[in-house]
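Have a look at the structure below, then the notes.
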Amino acid sequence: MRVSTKLRGIAASPGVVIGRAVVIGASSLRAGSHAESGKAAIERWSSAREEVKASLEQLVRAAERNSLVQEQALLEAQQMMVMDPGLEESVRAMVLGGTSAERATHDAIERYAVAMDRFEDAYLRQRSSDVREIGQALLRVLAGQSPFPIANLAPGSVLCAAELGAASLLMLDRAALAGIALGSGGPTSHVAILARSWGVPAVLGITGLLDTVSEGDLLALDGGRGELWVQPSADEQARLEANAQKYSRDKAELTALRDRQAVTVDGVRVELLANIGGPQDVVAALEAGAEGVGLFRTEFLVTGRRAVPSEREQREIYGQVLEGMEGRPVTVRTFDIGGDKQVPALDLKPELNPFLGYRGIRMGLDRPELLATQLRALLTAAAGGPQLKVMLPMISTLDEVRQARAILDRARSELGPGSGDGVLLGVMIEIPAAALLASQLAREVQFFSIGTNDLIQYTMAADRTNDRVARLYQPFHPAVLRLIGQVAAAATGAGIPCGVCGEMAGDPRATALLLGLGIRELSMSPGSIAAVKRQVLRIQLADAQRLAQDALEKATTREVEGLVDAFLARLA
């Protein structure tokens, strides 16, 4: 009898489930060679691409017939990938140089995927699995197989694979799918987004998954903790079943809060918004009860492409989000791209330290037509519709704001009278220099949003993706809290709203501190909204303000965490 084994991964979709493993092994397809001319290889590749496109089109139509808006958006994104002119250019160039269609497909796809793996932005980084899925689909067709594998699932199956894309997941019998365990991916991958939308527990990024799990193994999966038990003991099964029941009760409690406003015990209104990375995230935001979008990342429009999207293409994408949010406010961050991202269209040069280099508003002002095109698309998309806010990233000086405003004003003038009159301009406070200049910046803009991820990183001089210094990435460090408090106070003094849109906003443990520091808008992953709302409903603002004041007087993160833990214990 095999001994119970516990594996750890990334919590991607909450829930506890016990079921049998269905394993989809890594593809054995090899990027081999065919004895054929370059012309014949290109024709064969083009035919394969058309077949993959047609398969995706069938899935899109099925999603549309069943009103699966989010699934439809994900599949349409993959259609754009397979028809990307840049992919065709890369394959064509290699094939004409003597490479087989298979090898050219593999190498072109892997070049895109590896570039995405290196992105700083987690959302963009985890798009690599969708790119690789397209590559696998093309290789299968070139080998005479169906583009997307179909696994036969018995009820209660836990799907296990090294990697899986959205299209392959959508081919499965959702009613039989009890859980998902993958060796790759993270909480912002399309598989994770779908799993949360479907209410299917998922743990991703599990090292050694397929080395440990065999077909038919009994598995116990805890998607909230990021844990997977292989062949759990009777005691472990009993404990996990109790956890599953507790999770169900907790989920029911949070679901009941969806349509309630977030108001503290003493009547202070807090606005809870969603962070999104494209039109495909709109449904999840609405289902979570988001009151709007506090951060719409737009980098997906340009990364990995050989041509910058036209004003018309951008306008259509922005319009989809604005329409989908049904009149709720939407805050769009202008392109935050730099040397860490693969953008062939902009010919960006590698930098020794791209996070302190040529990125964000610095690039926008250096390439004003890039920024102007995006601003014109936003202004026209917002015409006569819901409130649109334009947010400038990586601001460190007043001059940057003034130059960006001049480009915005010029775009309004080019579009004619009344164009985008209701569009607001704001800045993302993520650099300590901007936080220290908050009082001056507040006189130049109409709102602030604090990007705590980078603010913490830059304040502590610690790369949060570097394991050797990750311990210094401390959201509750007194210096970080003082900067947040200073920015909130400057906004209040100027009469403009101030929100937080980093990971800290979605952490219920930080909610009371942020409210006490003066924050009244929190933007987060849709999956975090309910838990943060429940926390807001339990808090008295006066108590939160005392907590924040006490925290600002402390000298260490450990002391602040002690205060927070004691506060939350009393709250419970």
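If you're wondering about the labels, chains in the structure tokens are A, B, ... by order shown, residues count from 1 in each chain, ligands from 1 in order shown.
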Write out as a PDB file with C-alpha atoms, in the first residue's frame which residues come within 10 Å of A:Ala383 when counting only C-alpha atoms, dropping same-chain ones fewer than 5 positions away.
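Now in part20.pdb:
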```
ATOM      1  CA  GLY A 319     -15.570  49.517 -25.483  1.00  0.00           C
ATOM      2  CA  LEU A 378     -10.104  55.634 -24.711  1.00  0.00           C
ATOM      3  CA  LEU A 388     -13.839  56.405 -17.454  1.00  0.00           C
ATOM      4  CA  GLY A 418     -17.183  67.394 -26.092  1.00  0.00           C
ATOM      5  CA  SER A 419     -14.894  64.411 -26.691  1.00  0.00           C
ATOM      6  CA  GLY A 420     -14.209  62.670 -23.416  1.00  0.00           C
ATOM      7  CA  ASP A 421     -15.323  65.609 -21.292  1.00  0.00           C
ATOM      8  CA  GLY A 422     -16.217  63.266 -18.432  1.00  0.00           C
ATOM      9  CA  VAL A 423     -12.940  61.327 -18.525  1.00  0.00           C
TER      10      VAL A 423
END
```
Write out as a short mmCIF file (atom, residue, chain, number, x, y, z; two decimals) with N, CA and C atoms, in the first residue's frame all residues of stretch 73-291 of chain A that backbone DSSP assigns to helix (DSSP H, G or I).
```cif
data_model
loop_
_atom_site.label_atom_id
_atom_site.label_comp_id
_atom_site.auth_asym_id
_atom_site.auth_seq_id
_atom_site.Cartn_x
_atom_site.Cartn_y
_atom_site.Cartn_z
N ALA A 73 -14.73 34.87 -24.38
CA ALA A 73 -13.66 35.87 -24.47
C ALA A 73 -12.29 35.20 -24.44
N LEU A 74 -12.13 34.17 -23.60
CA LEU A 74 -10.84 33.47 -23.53
C LEU A 74 -10.53 32.79 -24.85
N LEU A 75 -11.51 32.14 -25.44
CA LEU A 75 -11.30 31.44 -26.71
C LEU A 75 -11.01 32.42 -27.84
N GLU A 76 -11.68 33.56 -27.82
CA GLU A 76 -11.42 34.56 -28.86
C GLU A 76 -10.01 35.11 -28.73
N ALA A 77 -9.51 35.20 -27.49
CA ALA A 77 -8.13 35.63 -27.29
C ALA A 77 -7.17 34.62 -27.91
N GLN A 78 -7.48 33.32 -27.77
CA GLN A 78 -6.61 32.31 -28.38
C GLN A 78 -6.72 32.31 -29.91
N GLN A 79 -7.88 32.64 -30.42
CA GLN A 79 -8.01 32.80 -31.87
C GLN A 79 -7.08 33.90 -32.37
N MET A 80 -7.01 34.99 -31.63
CA MET A 80 -6.12 36.08 -32.01
C MET A 80 -4.67 35.62 -31.99
N MET A 81 -4.33 34.77 -31.01
CA MET A 81 -2.95 34.27 -30.92
C MET A 81 -2.59 33.45 -32.15
N VAL A 82 -3.46 32.49 -32.52
CA VAL A 82 -3.12 31.59 -33.62
C VAL A 82 -3.07 32.33 -34.96
N PRO A 85 -0.13 37.77 -37.03
CA PRO A 85 0.80 37.86 -38.16
C PRO A 85 2.25 37.65 -37.74
N GLY A 86 2.58 38.04 -36.50
CA GLY A 86 3.95 37.87 -36.03
C GLY A 86 4.35 36.41 -35.94
N LEU A 87 3.41 35.56 -35.51
CA LEU A 87 3.69 34.12 -35.44
C LEU A 87 3.93 33.57 -36.85
N GLU A 88 3.07 33.96 -37.78
CA GLU A 88 3.23 33.49 -39.16
C GLU A 88 4.57 33.95 -39.74
N GLU A 89 4.95 35.19 -39.47
CA GLU A 89 6.23 35.71 -39.97
C GLU A 89 7.39 34.89 -39.45
N SER A 90 7.36 34.59 -38.15
CA SER A 90 8.47 33.83 -37.55
C SER A 90 8.58 32.45 -38.16
N VAL A 91 7.44 31.75 -38.29
CA VAL A 91 7.45 30.40 -38.86
C VAL A 91 7.91 30.44 -40.31
N ARG A 92 7.37 31.36 -41.07
CA ARG A 92 7.72 31.46 -42.49
C ARG A 92 9.23 31.68 -42.67
N ALA A 93 9.79 32.59 -41.87
CA ALA A 93 11.22 32.89 -42.00
C ALA A 93 12.08 31.65 -41.71
N MET A 94 11.72 30.90 -40.68
CA MET A 94 12.49 29.71 -40.33
C MET A 94 12.34 28.62 -41.38
N VAL A 95 11.10 28.43 -41.87
CA VAL A 95 10.86 27.38 -42.88
C VAL A 95 11.63 27.70 -44.16
N LEU A 96 11.60 28.94 -44.60
CA LEU A 96 12.33 29.31 -45.81
C LEU A 96 13.83 29.20 -45.61
N ALA A 101 8.42 22.49 -40.70
CA ALA A 101 7.25 23.19 -40.18
C ALA A 101 7.07 22.90 -38.71
N GLU A 102 7.34 21.65 -38.29
CA GLU A 102 7.20 21.28 -36.87
C GLU A 102 8.20 22.03 -36.00
N ARG A 103 9.47 21.99 -36.40
CA ARG A 103 10.50 22.66 -35.60
C ARG A 103 10.27 24.17 -35.57
N ALA A 104 9.88 24.75 -36.69
CA ALA A 104 9.63 26.19 -36.74
C ALA A 104 8.47 26.55 -35.82
N THR A 105 7.41 25.73 -35.81
CA THR A 105 6.27 25.99 -34.93
C THR A 105 6.70 25.93 -33.47
N HIS A 106 7.41 24.86 -33.12
CA HIS A 106 7.86 24.70 -31.74
C HIS A 106 8.72 25.88 -31.31
N ASP A 107 9.70 26.26 -32.14
CA ASP A 107 10.65 27.31 -31.74
C ASP A 107 9.98 28.68 -31.67
N ALA A 108 9.08 28.97 -32.63
CA ALA A 108 8.41 30.27 -32.62
C ALA A 108 7.51 30.41 -31.39
N ILE A 109 6.75 29.35 -31.10
CA ILE A 109 5.85 29.38 -29.93
C ILE A 109 6.66 29.49 -28.65
N GLU A 110 7.73 28.71 -28.57
CA GLU A 110 8.51 28.71 -27.32
C GLU A 110 9.18 30.07 -27.10
N ARG A 111 9.57 30.72 -28.18
CA ARG A 111 10.18 32.05 -28.04
C ARG A 111 9.18 33.03 -27.42
N TYR A 112 7.94 32.99 -27.88
CA TYR A 112 6.90 33.84 -27.30
C TYR A 112 6.65 33.47 -25.84
N ALA A 113 6.51 32.17 -25.58
CA ALA A 113 6.15 31.71 -24.23
C ALA A 113 7.25 32.03 -23.23
N VAL A 114 8.50 31.80 -23.61
CA VAL A 114 9.62 32.08 -22.70
C VAL A 114 9.68 33.57 -22.39
N ALA A 115 9.44 34.40 -23.40
CA ALA A 115 9.43 35.84 -23.17
C ALA A 115 8.34 36.21 -22.17
N MET A 116 7.18 35.58 -22.29
CA MET A 116 6.09 35.85 -21.34
C MET A 116 6.43 35.35 -19.94
N ASP A 117 7.12 34.23 -19.85
CA ASP A 117 7.52 33.70 -18.55
C ASP A 117 8.36 34.70 -17.76
N ALA A 122 2.36 39.35 -13.17
CA ALA A 122 1.96 37.95 -13.03
C ALA A 122 0.87 37.58 -14.03
N TYR A 123 -0.05 38.50 -14.28
CA TYR A 123 -1.15 38.22 -15.21
C TYR A 123 -0.60 37.91 -16.60
N LEU A 124 0.32 38.75 -17.08
CA LEU A 124 0.89 38.54 -18.41
C LEU A 124 1.80 37.31 -18.42
N ARG A 125 2.52 37.10 -17.33
CA ARG A 125 3.44 35.95 -17.25
C ARG A 125 2.68 34.64 -17.43
N SER A 128 1.53 32.50 -20.78
CA SER A 128 2.40 31.60 -21.55
C SER A 128 1.77 30.23 -21.75
N SER A 129 0.96 29.76 -20.80
CA SER A 129 0.32 28.44 -20.97
C SER A 129 -0.66 28.46 -22.14
N ASP A 130 -1.33 29.59 -22.37
CA ASP A 130 -2.25 29.69 -23.51
C ASP A 130 -1.49 29.69 -24.83
N VAL A 131 -0.31 30.35 -24.83
CA VAL A 131 0.52 30.35 -26.03
C VAL A 131 1.01 28.94 -26.33
N ARG A 132 1.48 28.24 -25.30
CA ARG A 132 1.98 26.88 -25.52
C ARG A 132 0.85 25.94 -25.95
N GLU A 133 -0.35 26.16 -25.45
CA GLU A 133 -1.46 25.32 -25.88
C GLU A 133 -1.71 25.48 -27.37
N ILE A 134 -1.60 26.70 -27.88
CA ILE A 134 -1.76 26.92 -29.32
C ILE A 134 -0.65 26.17 -30.08
N GLY A 135 0.57 26.22 -29.56
CA GLY A 135 1.67 25.50 -30.20
C GLY A 135 1.42 24.00 -30.23
N GLN A 136 0.94 23.44 -29.11
CA GLN A 136 0.65 22.02 -29.06
C GLN A 136 -0.47 21.65 -30.04
N ALA A 137 -1.47 22.51 -30.14
CA ALA A 137 -2.58 22.26 -31.07
C ALA A 137 -2.06 22.23 -32.51
N LEU A 138 -1.19 23.16 -32.87
CA LEU A 138 -0.63 23.18 -34.22
C LEU A 138 0.20 21.93 -34.49
N LEU A 139 1.01 21.53 -33.51
CA LEU A 139 1.85 20.35 -33.69
C LEU A 139 1.01 19.08 -33.82
N ARG A 140 -0.08 19.00 -33.07
CA ARG A 140 -0.96 17.82 -33.18
C ARG A 140 -1.54 17.72 -34.59
N VAL A 141 -2.01 18.85 -35.12
CA VAL A 141 -2.60 18.83 -36.45
C VAL A 141 -1.54 18.48 -37.49
N LEU A 142 -0.33 19.02 -37.34
CA LEU A 142 0.76 18.69 -38.26
C LEU A 142 1.09 17.20 -38.21
N ALA A 166 -6.81 27.03 -21.82
CA ALA A 166 -8.25 27.25 -21.68
C ALA A 166 -9.06 26.38 -22.64
N ALA A 167 -8.61 26.24 -23.90
CA ALA A 167 -9.40 25.48 -24.87
C ALA A 167 -9.50 24.01 -24.47
N SER A 168 -8.39 23.43 -24.03
CA SER A 168 -8.41 22.02 -23.61
C SER A 168 -9.34 21.83 -22.42
N LEU A 169 -9.34 22.78 -21.51
CA LEU A 169 -10.22 22.68 -20.34
C LEU A 169 -11.68 22.74 -20.77
N LEU A 170 -11.97 23.58 -21.74
CA LEU A 170 -13.36 23.74 -22.18
C LEU A 170 -13.88 22.53 -22.95
N ARG A 174 -17.72 19.38 -17.78
CA ARG A 174 -17.61 20.17 -16.55
C ARG A 174 -18.35 19.51 -15.39
N ALA A 175 -19.45 18.83 -15.67
CA ALA A 175 -20.23 18.22 -14.59
C ALA A 175 -19.45 17.12 -13.88
N ALA A 176 -18.51 16.47 -14.59
CA ALA A 176 -17.73 15.39 -13.98
C ALA A 176 -16.45 15.89 -13.33
N HIS A 190 -5.52 31.52 -17.21
CA HIS A 190 -6.88 31.33 -17.70
C HIS A 190 -7.53 30.10 -17.08
N VAL A 191 -6.76 29.05 -16.82
CA VAL A 191 -7.31 27.87 -16.16
C VAL A 191 -7.83 28.25 -14.77
N ALA A 192 -7.06 29.05 -14.04
CA ALA A 192 -7.48 29.49 -12.71
C ALA A 192 -8.73 30.35 -12.78
N ILE A 193 -8.77 31.24 -13.76
CA ILE A 193 -9.94 32.11 -13.93
C ILE A 193 -11.19 31.28 -14.20
N LEU A 194 -11.07 30.29 -15.09
CA LEU A 194 -12.21 29.43 -15.39
C LEU A 194 -12.60 28.59 -14.18
N ALA A 195 -11.59 28.04 -13.48
CA ALA A 195 -11.89 27.20 -12.31
C ALA A 195 -12.67 27.98 -11.27
N ARG A 196 -12.27 29.22 -11.01
CA ARG A 196 -13.00 30.05 -10.04
C ARG A 196 -14.39 30.36 -10.55
N SER A 197 -14.50 30.64 -11.84
CA SER A 197 -15.81 30.94 -12.42
C SER A 197 -16.75 29.75 -12.30
N TRP A 198 -16.23 28.54 -12.45
CA TRP A 198 -17.03 27.33 -12.38
C TRP A 198 -17.21 26.80 -10.97
N LEU A 209 4.42 16.97 -9.91
CA LEU A 209 3.06 16.43 -9.88
C LEU A 209 2.96 15.09 -10.60
N LEU A 210 3.38 15.04 -11.86
CA LEU A 210 3.22 13.81 -12.64
C LEU A 210 4.22 12.74 -12.26
N ASP A 211 5.24 13.09 -11.48
CA ASP A 211 6.16 12.08 -10.95
C ASP A 211 5.55 11.37 -9.75
N THR A 212 4.52 11.96 -9.16
CA THR A 212 3.94 11.43 -7.92
C THR A 212 2.56 10.83 -8.14
N ALA A 234 -7.12 7.48 6.12
CA ALA A 234 -8.51 7.64 6.56
C ALA A 234 -8.67 8.87 7.45
N ASP A 235 -7.68 9.10 8.34
CA ASP A 235 -7.74 10.28 9.22
C ASP A 235 -7.68 11.57 8.41
N GLU A 236 -6.80 11.60 7.40
CA GLU A 236 -6.67 12.79 6.57
C GLU A 236 -7.96 13.01 5.77
N GLN A 237 -8.55 11.94 5.27
CA GLN A 237 -9.81 12.09 4.55
C GLN A 237 -10.90 12.68 5.44
N ALA A 238 -10.98 12.18 6.68
CA ALA A 238 -12.01 12.68 7.60
C ALA A 238 -11.81 14.17 7.88
N ARG A 239 -10.55 14.56 8.10
CA ARG A 239 -10.26 15.97 8.39
C ARG A 239 -10.58 16.84 7.20
N LEU A 240 -10.24 16.38 5.99
CA LEU A 240 -10.49 17.17 4.79
C LEU A 240 -11.98 17.27 4.48
N GLU A 241 -12.72 16.21 4.76
CA GLU A 241 -14.17 16.26 4.56
C GLU A 241 -14.80 17.28 5.50
N ALA A 242 -14.28 17.36 6.73
CA ALA A 242 -14.76 18.38 7.67
C ALA A 242 -14.42 19.77 7.15
N ASN A 243 -13.21 19.92 6.58
CA ASN A 243 -12.81 21.21 5.99
C ASN A 243 -13.73 21.58 4.82
N ALA A 244 -14.10 20.57 4.04
CA ALA A 244 -14.98 20.82 2.89
C ALA A 244 -16.33 21.36 3.35
N GLN A 245 -16.85 20.79 4.42
CA GLN A 245 -18.14 21.25 4.95
C GLN A 245 -18.02 22.68 5.48
N LYS A 246 -16.91 22.96 6.16
CA LYS A 246 -16.69 24.31 6.68
C LYS A 246 -16.56 25.31 5.51
N TYR A 247 -15.85 24.90 4.47
CA TYR A 247 -15.70 25.77 3.30
C TYR A 247 -17.06 26.07 2.67
N SER A 248 -17.92 25.06 2.58
CA SER A 248 -19.24 25.25 1.99
C SER A 248 -20.06 26.26 2.79
N ARG A 249 -19.98 26.16 4.11
CA ARG A 249 -20.72 27.11 4.95
C ARG A 249 -20.17 28.53 4.77
N ASP A 250 -18.83 28.63 4.73
CA ASP A 250 -18.19 29.93 4.58
C ASP A 250 -18.52 30.54 3.22
N LYS A 251 -18.51 29.70 2.19
CA LYS A 251 -18.83 30.17 0.84
C LYS A 251 -20.24 30.70 0.77
N ALA A 252 -21.16 29.99 1.42
CA ALA A 252 -22.56 30.43 1.41
C ALA A 252 -22.70 31.79 2.09
N GLU A 253 -21.95 31.97 3.18
CA GLU A 253 -21.99 33.25 3.90
C GLU A 253 -21.46 34.38 3.02
N LEU A 254 -20.34 34.13 2.32
CA LEU A 254 -19.75 35.16 1.47
C LEU A 254 -20.63 35.44 0.25
N THR A 255 -21.22 34.40 -0.32
CA THR A 255 -22.10 34.58 -1.48
C THR A 255 -23.29 35.47 -1.13
N PRO A 279 -11.15 41.96 -21.42
CA PRO A 279 -12.60 41.76 -21.44
C PRO A 279 -13.03 40.42 -20.83
N GLN A 280 -12.15 39.41 -20.89
CA GLN A 280 -12.51 38.09 -20.38
C GLN A 280 -12.72 38.08 -18.87
N ASP A 281 -12.27 39.10 -18.16
CA ASP A 281 -12.39 39.13 -16.70
C ASP A 281 -13.64 39.87 -16.21
N VAL A 282 -14.38 40.46 -17.13
CA VAL A 282 -15.52 41.29 -16.74
C VAL A 282 -16.59 40.48 -16.02
N VAL A 283 -16.92 39.31 -16.55
CA VAL A 283 -17.98 38.49 -15.95
C VAL A 283 -17.63 38.13 -14.51
N ALA A 284 -16.38 37.71 -14.27
CA ALA A 284 -15.96 37.35 -12.92
C ALA A 284 -16.08 38.54 -11.98
N ALA A 285 -15.75 39.73 -12.48
CA ALA A 285 -15.86 40.94 -11.65
C ALA A 285 -17.30 41.20 -11.25
N LEU A 286 -18.21 41.11 -12.20
CA LEU A 286 -19.62 41.37 -11.91
C LEU A 286 -20.19 40.29 -10.98
N GLU A 287 -19.83 39.05 -11.22
CA GLU A 287 -20.35 37.97 -10.38
C GLU A 287 -19.85 38.08 -8.94
#
```
Checklist outcome for this item: Counting only C-alpha atoms, closest pick from A:Ile18, A:Ala372, A:Ile456, A:Ile317 relative to A:Pro201 is A:Ile18
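Take the candidates A:Pro155, A:Gly185, A:Gly223, A:Pro232 and check each one against A:Val3 using only C-alpha atoms; the shortest distance goes to A:Pro232.
Of note, atom CA of A:Leu273 and atom CA of A:Gln545 are spaced 22.1 Å apart.
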Next on the checklist: Quick one: residues within 8 Å of A:Leu481, only C-alpha atoms, excluding same-chain residues fewer than 5 positions away - as a list in words?
Outcome noted: Pro475, Phe476, Leu517 and Leu552 of chain A
I need the residues from that last selection saved to file as an mmCIF file, in the first residue's frame (with N, CA and C atoms), if you can.
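As a result, part17.cif now contains:
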```cif
data_model
loop_
_atom_site.group_PDB
_atom_site.id
_atom_site.type_symbol
_atom_site.label_atom_id
_atom_site.label_comp_id
_atom_site.auth_asym_id
_atom_site.auth_seq_id
_atom_site.Cartn_x
_atom_site.Cartn_y
_atom_site.Cartn_z
ATOM 1 N N PRO A 475 4.548 44.340 3.458
ATOM 2 C CA PRO A 475 3.433 45.295 3.333
ATOM 3 C C PRO A 475 3.140 46.049 4.628
ATOM 4 N N PHE A 476 3.405 45.437 5.795
ATOM 5 C CA PHE A 476 3.080 46.074 7.065
ATOM 6 C C PHE A 476 4.271 46.819 7.670
ATOM 7 N N LEU A 517 -6.022 54.321 7.742
ATOM 8 C CA LEU A 517 -5.079 55.271 7.137
ATOM 9 C C LEU A 517 -5.772 56.256 6.194
ATOM 10 N N LEU A 552 1.489 53.284 13.130
ATOM 11 C CA LEU A 552 2.433 54.295 12.644
ATOM 12 C C LEU A 552 3.486 54.650 13.687
#
```
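Nearest residue to A:Ala382, choosing from A:Gln320, A:Thr557, A:Thr397, A:Ser525 and counting only C-alpha atoms: A:Gln320.
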Item to check | Filtered DSSP result for stretch 165-372 of chain A, state strand (DSSP E), as a PyMOL selection string | outcome: chain A and resi 177-182+202-204+218-222+227-230+262-263+269-276+293-297+330-333
Checklist entry - Neighbours of A:Ala21 within 9 Å (only C-alpha atoms; same-chain residues fewer than 2 positions away dropped), as a ChimeraX atom specification? => result /A:19,23,157-160,213-219
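Taking atom CA of A:Arg464 and atom CA of A:Phe355 as endpoints, the distance between them is 11.6 Å.
Using only C-alpha atoms for every distance, the candidate list A:Leu513, A:Val308, A:Val445, A:Val390 yields A:Leu513 as the residue closest to A:Pro478.
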Checklist entry - Which residue out of A:Glu369, A:Ile361, A:Ile519, A:Met83 has the minimum interatomic distance to A:Leu541 when only C-alpha atoms are used? => result A:Ile519
Checklist entry - Restricting the calculation to only C-alpha atoms, which member of A:Arg410, A:Arg328, A:Ala404, A:Thr264 is positioned closest to A:Asp543? => result A:Thr264
Applying 7 Å and only C-alpha atoms, which residues near stretch 428-433 of chain A remain after dropping the ones on its own chain fewer than 3 positions away? List them as an mmCIF file with N, CA and C atoms, in the first residue's frame.
```cif
data_model
loop_
_atom_site.group_PDB
_atom_site.id
_atom_site.type_symbol
_atom_site.label_atom_id
_atom_site.label_comp_id
_atom_site.auth_asym_id
_atom_site.auth_seq_id
_atom_site.Cartn_x
_atom_site.Cartn_y
_atom_site.Cartn_z
ATOM 1 N N MET A 391 -5.425 56.327 -15.845
ATOM 2 C CA MET A 391 -4.412 56.342 -14.790
ATOM 3 C C MET A 391 -3.011 56.210 -15.388
ATOM 4 N N LEU A 392 -2.126 57.083 -14.994
ATOM 5 C CA LEU A 392 -0.752 57.107 -15.494
ATOM 6 C C LEU A 392 0.156 56.323 -14.553
ATOM 7 N N PRO A 393 0.897 55.342 -15.071
ATOM 8 C CA PRO A 393 1.770 54.540 -14.207
ATOM 9 C C PRO A 393 3.193 55.092 -14.127
ATOM 10 N N MET A 394 3.874 54.730 -13.066
ATOM 11 C CA MET A 394 5.311 55.003 -12.892
ATOM 12 C C MET A 394 5.617 56.506 -12.864
ATOM 13 N N ILE A 395 4.716 57.275 -12.250
ATOM 14 C CA ILE A 395 4.920 58.723 -12.142
ATOM 15 C C ILE A 395 5.926 59.011 -11.018
ATOM 16 N N SER A 396 6.905 59.872 -11.317
ATOM 17 C CA SER A 396 7.852 60.273 -10.276
ATOM 18 C C SER A 396 8.049 61.784 -10.207
ATOM 19 N N LEU A 436 5.855 61.109 -1.665
ATOM 20 C CA LEU A 436 6.340 62.267 -0.910
ATOM 21 C C LEU A 436 5.902 63.582 -1.537
ATOM 22 N N LEU A 437 5.557 63.536 -2.832
ATOM 23 C CA LEU A 437 5.060 64.739 -3.528
ATOM 24 C C LEU A 437 3.532 64.725 -3.657
ATOM 25 N N PHE A 448 -6.150 59.516 -7.084
ATOM 26 C CA PHE A 448 -4.952 58.720 -6.824
ATOM 27 C C PHE A 448 -5.341 57.250 -6.722
ATOM 28 N N SER A 449 -4.432 56.379 -7.136
ATOM 29 C CA SER A 449 -4.544 54.957 -6.825
ATOM 30 C C SER A 449 -3.158 54.483 -6.416
ATOM 31 N N ILE A 450 -3.058 53.911 -5.232
ATOM 32 C CA ILE A 450 -1.757 53.493 -4.710
ATOM 33 C C ILE A 450 -1.479 52.063 -5.161
ATOM 34 N N GLY A 451 -0.428 51.878 -5.936
ATOM 35 C CA GLY A 451 -0.007 50.545 -6.366
ATOM 36 C C GLY A 451 0.949 49.975 -5.335
ATOM 37 N N THR A 452 0.395 49.281 -4.359
ATOM 38 C CA THR A 452 1.220 48.849 -3.226
ATOM 39 C C THR A 452 2.287 47.837 -3.615
ATOM 40 N N ASP A 454 4.442 47.696 -6.153
ATOM 41 C CA ASP A 454 5.697 48.379 -6.457
ATOM 42 C C ASP A 454 6.093 49.365 -5.370
ATOM 43 N N LEU A 455 5.129 50.002 -4.721
ATOM 44 C CA LEU A 455 5.483 50.938 -3.658
ATOM 45 C C LEU A 455 6.274 50.226 -2.559
ATOM 46 N N TYR A 458 9.808 49.248 -4.043
ATOM 47 C CA TYR A 458 10.734 50.362 -4.176
ATOM 48 C C TYR A 458 11.110 50.974 -2.820
ATOM 49 N N THR A 459 10.173 50.994 -1.893
ATOM 50 C CA THR A 459 10.467 51.542 -0.562
ATOM 51 C C THR A 459 11.474 50.667 0.173
#
```
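Coordinates place atom CA of A:Ala181 at a distance of 16.3 Å from atom CA of A:Asn152.
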